[in-house]
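Colleague: Dropping the structure in here first, questions after.
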Number of protein chains: 4
Amino acid sequence: MKRKEIIVESATSLFASQGFEATTTLQIAQASRITEPLIYYHFGGKDELFTHILSTAFSLYFERFDALPKNSSTELERISNLFKMHFQIAEDSPELMRLIVSTCPTKLHDPESECIKNYKKARQALFDYFSECLERGIETKEFRELTVSETAHVLVALTNGLLRQKIFKLADTDRVKEATIEFCRVSLTRL
Amino acid sequence: MKRKEIIVESATSLFASQGFEATTTLQIAQASRITEPLIYYHFGGKDELFTHILSTAFSLYFERFDALPKNSSTELERISNLFKMHFQIAEDSPELMRLIVSTCPTKLHDPESECIKNYKKARQALFDYFSECLERGIETKEFRELTVSETAHVLVALTNGLLRQKIFKLADTDRVKEATIEFCRVSLTRL
Amino acid sequence: MKRKEIIVESATSLFASQGFEATTTLQIAQASRITEPLIYYHFGGKDELFTHILSTAFSLYFERFDALPKNSSTELERISNLFKMHFQIAEDSPELMRLIVSTCPTKLHDPESECIKNYKKARQALFDYFSECLERGIETKEFRELTVSETAHVLVALTNGLLRQKIFKLADTDRVKEATIEFCRVSLTRL
Amino acid sequence: MKRKEIIVESATSLFASQGFEATTTLQIAQASRITEPLIYYHFGGKDELFTHILSTAFSLYFERFDALPKNSSTELERISNLFKMHFQIAEDSPELMRLIVSTCPTKLHDPESECIKNYKKARQALFDYFSECLERGIETKEFRELTVSETAHVLVALTNGLLRQKIFKLADTDRVKEATIEFCRVSLTRL
DNA sequence: CATGAATGAGTATTCATTCAT
DNA sequence: AATGAATGAATACTCATTCAT
């Protein structure tokens, strides 16, 4: 593996576990078994390195998001797909996801940061996805009558809560995944 | 207001918006219009001050939690009460709640920290509360047959997700509150 | 002597002999027998410390300039006074003068710097002083007919050249002072 | 133009405007559109590059100095020639001259440096030239009786002051040149 | 209760320089 | 002749903390 990639890996791991501020360039250098200036040579600085990693994380997230099947036999299946995708991405790239869910809030005071822009974009994508599913589901009588926007917000919150639970290993997730889908199925479908 | 209290207020605000690491004792001192040594006189240091504030935050949380009515006519109402309590506390003490939800994850690597202990304790309390409600509800046929533990985890995740949504002002929350309760009502109760 | 003053002294000496860029905060700290952060406590940084010293130097210069007797029996005496003043100030405060003549040019590319502003102000004062002397001298027939502005520029250049000669100890200055006055006397007066 | 020459040009410009210390090899490389190691390939390092440029500057200076006509009808003309030569060289090679007059003083603390050696050599040449002119002029009664050595120092100072004035564009120089020669003519020649 | 002065230990960053290719 | 990658040594500056008063 190239040294540039090693730096990214070490830094991702450190940022994810300690946060941006608590991670020093020296720690990154030592974890990568290189010297500090090389970080500057390849990435220009701590901030840029962080931004680089974060944009990788978001790219991965949006990639997975876009790869979701556009059409399914039922809207419940599409909702279920989204939940599963989140469980999966948290399993595949726990550190990158952790970076997103736990480091971004620290930077919320700067609404111009790439971090926050992507964070909001992701939230919006989630909201739009759920809204569309709900609307279509109601139209086709798959779902009961419900307030689309509000319920979409509930589902977004649920998704985020579950993602955190998984990332921070706060609960056995496999069976929770089933329960989540069942929970939503009952709530959304007519009977 | 006493200077000691002023320090606590300024520090809470700074810690909540910037995080622990990014907040300096100088910032706290300037925001409080006092000098740095006074922080040491009153609290012994930055860590102690943070711990002090955080324990206040958790005290407040557990206080509200314990103040929830033990008995209600229905278990759904008890669940509803818990949601409402979270919406309320996020409204009353946004900074303290923000401190809990966004600063604690940064400290997760140190499982011995007071922060993490309380965080897990709070999660457990939430889980136990939901578990009890679900069990009782199933017993009394108020709720349908469902897997208690898993569903409790779903409800915990939902609660956390909603709390974040409220704290970071990511959605209009009043109507989301109603939608949440309705969402759960339909999912949990028998038809 | 207070530590703050010690820092100023050491820094002046180092800046004067090595220039701004080549002088490090560590050198200043060691020469002052204090630690680096104290420089930041008292002066805010290397730049501010330099600016502080430089403004002291210019204050001293303008003070001496303003203290020159406004009226003399002859204009030649006034010109002579100005030369003597420069020889004197270079003798009394060689380091401060050295700072002005050798460090300012390095900063010429930033025309907004306090350094350059003062440098130009000093040049202008010199030019105005000589111009006035020449004008009056011509009026009273003390001096021959000559082009005031151009000759003033010559005298300014001469002053600067002499100041440098003295500061950098490039010539025995006592007798040069006499020769300078004599040189100008012959050139300016009629016969 | 060869890359080696481009480096010299860029470096000259940067050294002249910012000084030696404030100029980095990276700046030179970027200004030359080459990479840093090439500087080392061609010149061995920053110091050597600087020395190379400086010796070019002094070569140019001494060349012009030596090219001055050895004999003239009057000594005043020879003095005038020297002044004119300085005005001319400052016009032809402002950056090289600027390097000499403003960078050398920074290095004065190291009397062994090539820079200082040349600087003193140039001063001495100037002094000798003026001394010879004055001596001969007195002998031939072209000049009045005056103290040769001291007056030579005055003329050296004047030359330096004028050179600076020109280099740093502090005065309109064409008419100052005339005034300088006239100023000296009146002062030196018998009535 | 409060502060001015002071510092040890870091912290991100820069710079001249080297080396393998 | 030229460069991408890499580094040792330094550099300005920060921070939590202490202490005498």
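Letters A, B, ... mark the chains of the structure tokens in the order given; residue numbers begin at 1 per chain; ligand numbers begin at 1, in order shown.
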When you look at C:Met97 with a cut-off of 9 Å (counting only C-alpha atoms (C1' of nucleotides)), what residues show up, excluding the ones that are within fewer than 3 positions of it in the same chain? I need them as a PyMOL selection string.

Modeller: chain C and resi 16+57-58+61+89-90+93-94+100-102+163-164+167

Colleague: Keeping C-alpha atoms, export the residues of the selection given above as a PDB file, in the first residue's frame.

Modeller:
```
ATOM      1  CA  ALA C  16      19.157  45.078  14.789  1.00  0.00           C
ATOM      2  CA  ALA C  57      12.534  53.846  17.420  1.00  0.00           C
ATOM      3  CA  PHE C  58      10.500  56.177  15.268  1.00  0.00           C
ATOM      4  CA  TYR C  61      13.577  59.841  16.041  1.00  0.00           C
ATOM      5  CA  ILE C  89      21.042  59.848  17.604  1.00  0.00           C
ATOM      6  CA  ALA C  90      23.140  57.236  15.835  1.00  0.00           C
ATOM      7  CA  SER C  93      20.698  54.651  20.017  1.00  0.00           C
ATOM      8  CA  PRO C  94      22.670  52.776  17.408  1.00  0.00           C
ATOM      9  CA  ILE C 100      15.132  51.712  11.002  1.00  0.00           C
ATOM     10  CA  VAL C 101      17.711  51.954   8.259  1.00  0.00           C
ATOM     11  CA  SER C 102      18.312  48.277   7.647  1.00  0.00           C
ATOM     12  CA  LEU C 163      23.632  57.971   9.010  1.00  0.00           C
ATOM     13  CA  ARG C 164      24.420  54.564   7.525  1.00  0.00           C
ATOM     14  CA  ILE C 167      25.616  53.166  12.173  1.00  0.00           C
TER      15      ILE C 167
END
```

Colleague: Counting only C-alpha atoms (C1' of nucleotides), what is within 12 Å of B:Gln27, bar same-chain residues fewer than 4 positions away, as an MDAnalysis selection string?

Modeller: (chainID B and resid 7 10:15 18 20:23 31:36 39 46) or (chainID F and resid 15)

Colleague: Go ahead and write the selection's residues with N, CA and C atoms (P, O5', C5', C4', C3', O3' and C1' of nucleotides) as a short mmCIF file (atom, residue, chain, number, x, y, z; two decimals), in the first residue's frame.

Modeller:
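To be explicit, this is the file written out as again_2.cif:
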```
data_model
loop_
_atom_site.label_atom_id
_atom_site.label_comp_id
_atom_site.auth_asym_id
_atom_site.auth_seq_id
_atom_site.Cartn_x
_atom_site.Cartn_y
_atom_site.Cartn_z
N ILE B 7 -19.43 31.37 35.12
CA ILE B 7 -18.46 30.47 34.48
C ILE B 7 -19.16 29.23 33.94
N SER B 10 -21.21 30.13 30.76
CA SER B 10 -20.38 30.38 29.59
C SER B 10 -19.77 29.08 29.08
N ALA B 11 -19.26 28.31 30.02
CA ALA B 11 -18.58 27.07 29.65
C ALA B 11 -19.56 26.10 28.99
N THR B 12 -20.76 26.01 29.56
CA THR B 12 -21.77 25.12 28.98
C THR B 12 -22.02 25.49 27.54
N SER B 13 -22.22 26.76 27.33
CA SER B 13 -22.50 27.26 25.99
C SER B 13 -21.36 26.95 25.02
N LEU B 14 -20.15 27.18 25.48
CA LEU B 14 -18.99 26.94 24.61
C LEU B 14 -18.77 25.46 24.35
N PHE B 15 -18.83 24.67 25.40
CA PHE B 15 -18.65 23.23 25.23
C PHE B 15 -19.72 22.68 24.28
N GLN B 18 -18.92 24.04 20.61
CA GLN B 18 -17.62 23.74 19.98
C GLN B 18 -17.07 22.38 20.33
N PHE B 20 -15.59 19.79 23.66
CA PHE B 20 -14.67 19.93 24.79
C PHE B 20 -13.28 20.35 24.34
N GLU B 21 -12.74 19.65 23.37
CA GLU B 21 -11.37 19.89 22.95
C GLU B 21 -11.18 21.27 22.34
N ALA B 22 -12.13 21.68 21.56
CA ALA B 22 -11.98 22.94 20.84
C ALA B 22 -12.23 24.16 21.72
N THR B 23 -12.69 23.92 22.93
CA THR B 23 -12.93 25.04 23.84
C THR B 23 -11.74 25.24 24.76
N ALA B 31 -15.38 34.81 27.95
CA ALA B 31 -16.84 34.82 27.86
C ALA B 31 -17.47 35.12 29.21
N SER B 32 -16.76 34.76 30.27
CA SER B 32 -17.29 34.99 31.62
C SER B 32 -16.80 36.32 32.21
N ARG B 33 -15.98 36.99 31.45
CA ARG B 33 -15.38 38.24 31.91
C ARG B 33 -14.65 38.08 33.25
N ILE B 34 -13.93 36.99 33.36
CA ILE B 34 -13.07 36.77 34.52
C ILE B 34 -11.71 36.29 34.01
N THR B 35 -10.80 36.01 34.90
CA THR B 35 -9.48 35.53 34.47
C THR B 35 -9.38 34.02 34.68
N GLU B 36 -8.50 33.42 33.91
CA GLU B 36 -8.40 31.97 33.93
C GLU B 36 -8.19 31.35 35.32
N ILE B 39 -11.15 30.01 37.25
CA ILE B 39 -11.72 28.71 36.88
C ILE B 39 -11.09 27.62 37.74
N LYS B 46 -10.08 22.42 33.75
CA LYS B 46 -11.00 22.31 32.62
C LYS B 46 -11.79 21.00 32.68
P DC F 15 -5.29 28.05 22.00
"O5'" DC F 15 -5.17 26.99 23.18
"C5'" DC F 15 -4.41 25.82 22.99
"C4'" DC F 15 -4.20 25.14 24.32
"C3'" DC F 15 -5.09 25.68 25.45
"O3'" DC F 15 -5.68 24.63 26.16
"C1'" DC F 15 -2.81 25.75 26.10
#
```

Colleague: Restrict the distance test to only C-alpha atoms, flag each residue of chain B within 7 Å of chain A, and return the flagged residues as an MDAnalysis selection string.

Modeller: chainID B and resid 17:19 21:22 102 105:106 109 150:151 153:154 157:158 160:162 165 175:176 179:180 183:184 186:187

Colleague: So which one's closest to chain E, A:Arg3, A:Ala29, A:Gln88, A:Gly45? Using only C-alpha atoms (C1' of nucleotides), please.

Modeller: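 Of all the options, A:Gly45 lies closest to chain E.
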
Colleague: Please return, as an mmCIF file with N, CA and C atoms (P, O5', C5', C4', C3', O3' and C1' of nucleotides), in the first residue's frame, all residues of chain E lying within 9 Å of chain D when only C-alpha atoms (C1' of nucleotides) are considered.

Modeller:
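Heads up, here's the output in part_35.cif:
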```cif
data_model
loop_
_atom_site.group_PDB
_atom_site.id
_atom_site.type_symbol
_atom_site.label_atom_id
_atom_site.label_comp_id
_atom_site.auth_asym_id
_atom_site.auth_seq_id
_atom_site.Cartn_x
_atom_site.Cartn_y
_atom_site.Cartn_z
ATOM 1 P P DC E 15 8.067 28.373 4.453
ATOM 2 O "O5'" DC E 15 9.582 27.911 4.526
ATOM 3 C "C5'" DC E 15 10.221 27.829 5.802
ATOM 4 C "C4'" DC E 15 11.546 27.131 5.653
ATOM 5 C "C3'" DC E 15 11.992 26.976 4.196
ATOM 6 O "O3'" DC E 15 13.342 27.362 4.052
ATOM 7 C "C1'" DC E 15 11.980 24.872 5.289
ATOM 8 P P DA E 16 13.907 27.677 2.603
ATOM 9 O "O5'" DA E 16 15.233 26.817 2.656
ATOM 10 C "C5'" DA E 16 16.052 26.909 3.811
ATOM 11 C "C4'" DA E 16 16.881 25.657 3.965
ATOM 12 C "C3'" DA E 16 17.721 25.310 2.750
ATOM 13 O "O3'" DA E 16 18.998 24.862 3.186
ATOM 14 C "C1'" DA E 16 16.230 23.523 3.230
ATOM 15 P P DT E 17 20.080 24.513 2.102
ATOM 16 O "O5'" DT E 17 19.886 22.938 1.964
ATOM 17 C "C5'" DT E 17 19.807 22.154 3.163
ATOM 18 C "C4'" DT E 17 19.399 20.735 2.853
ATOM 19 C "C3'" DT E 17 20.085 20.106 1.629
ATOM 20 O "O3'" DT E 17 20.936 19.071 2.087
ATOM 21 C "C1'" DT E 17 17.793 19.520 1.776
ATOM 22 P P DT E 18 21.877 18.306 1.091
ATOM 23 O "O5'" DT E 18 21.125 16.909 0.927
ATOM 24 C "C5'" DT E 18 20.703 16.214 2.099
ATOM 25 C "C4'" DT E 18 19.935 14.974 1.707
ATOM 26 C "C3'" DT E 18 20.584 14.130 0.602
ATOM 27 O "O3'" DT E 18 20.626 12.790 1.057
ATOM 28 C "C1'" DT E 18 18.319 14.563 0.082
#
```

Colleague: Go ahead and compute the interatomic distance for atom C1' of F:DA6 and atom C1' of E:DT21, in Å to one decimal.

Modeller: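 Separation between atom C1' of F:DA6 and atom C1' of E:DT21: 13.7 Å.
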
Colleague: DSSP on the backbone, then: every residue of stretch 40-151 of chain B marked alpha helix (DSSP H), written as a ChimeraX atom specification.

Modeller: /B:40-43,46-66,75-92,94-98,114-139,148-151

Colleague: For the atom pair atom CA of A:Glu95 and atom CA of A:Glu9, what is the interatomic distance in Å to one decimal place?

Modeller: 9.7 Å

Colleague: Using only C-alpha atoms (C1' of nucleotides), find each residue of chain F with at least one atom at most 12 Å away from an atom of chain B; report its shortest atom-to-atom pair and that distance in Å (one decimal), sort the rows by chain and rising residue number, and return the result as CSV.

Modeller:
```
residue,atom,partner,partner_atom,distance
F:DT14,C1',B:Thr24,CA,9.8
F:DC15,C1',B:Thr24,CA,7.3
F:DA16,C1',B:Thr25,CA,7.4
F:DT17,C1',B:Gly45,CA,8.0
F:DT18,C1',B:Pro37,CA,8.8
F:DC19,C1',B:Pro37,CA,10.3
```

Colleague: One decimal, in Å: what's the spacing between atom CA of A:Glu75 and atom CA of A:Phe87?

Modeller: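 The value is 18.7 Å.
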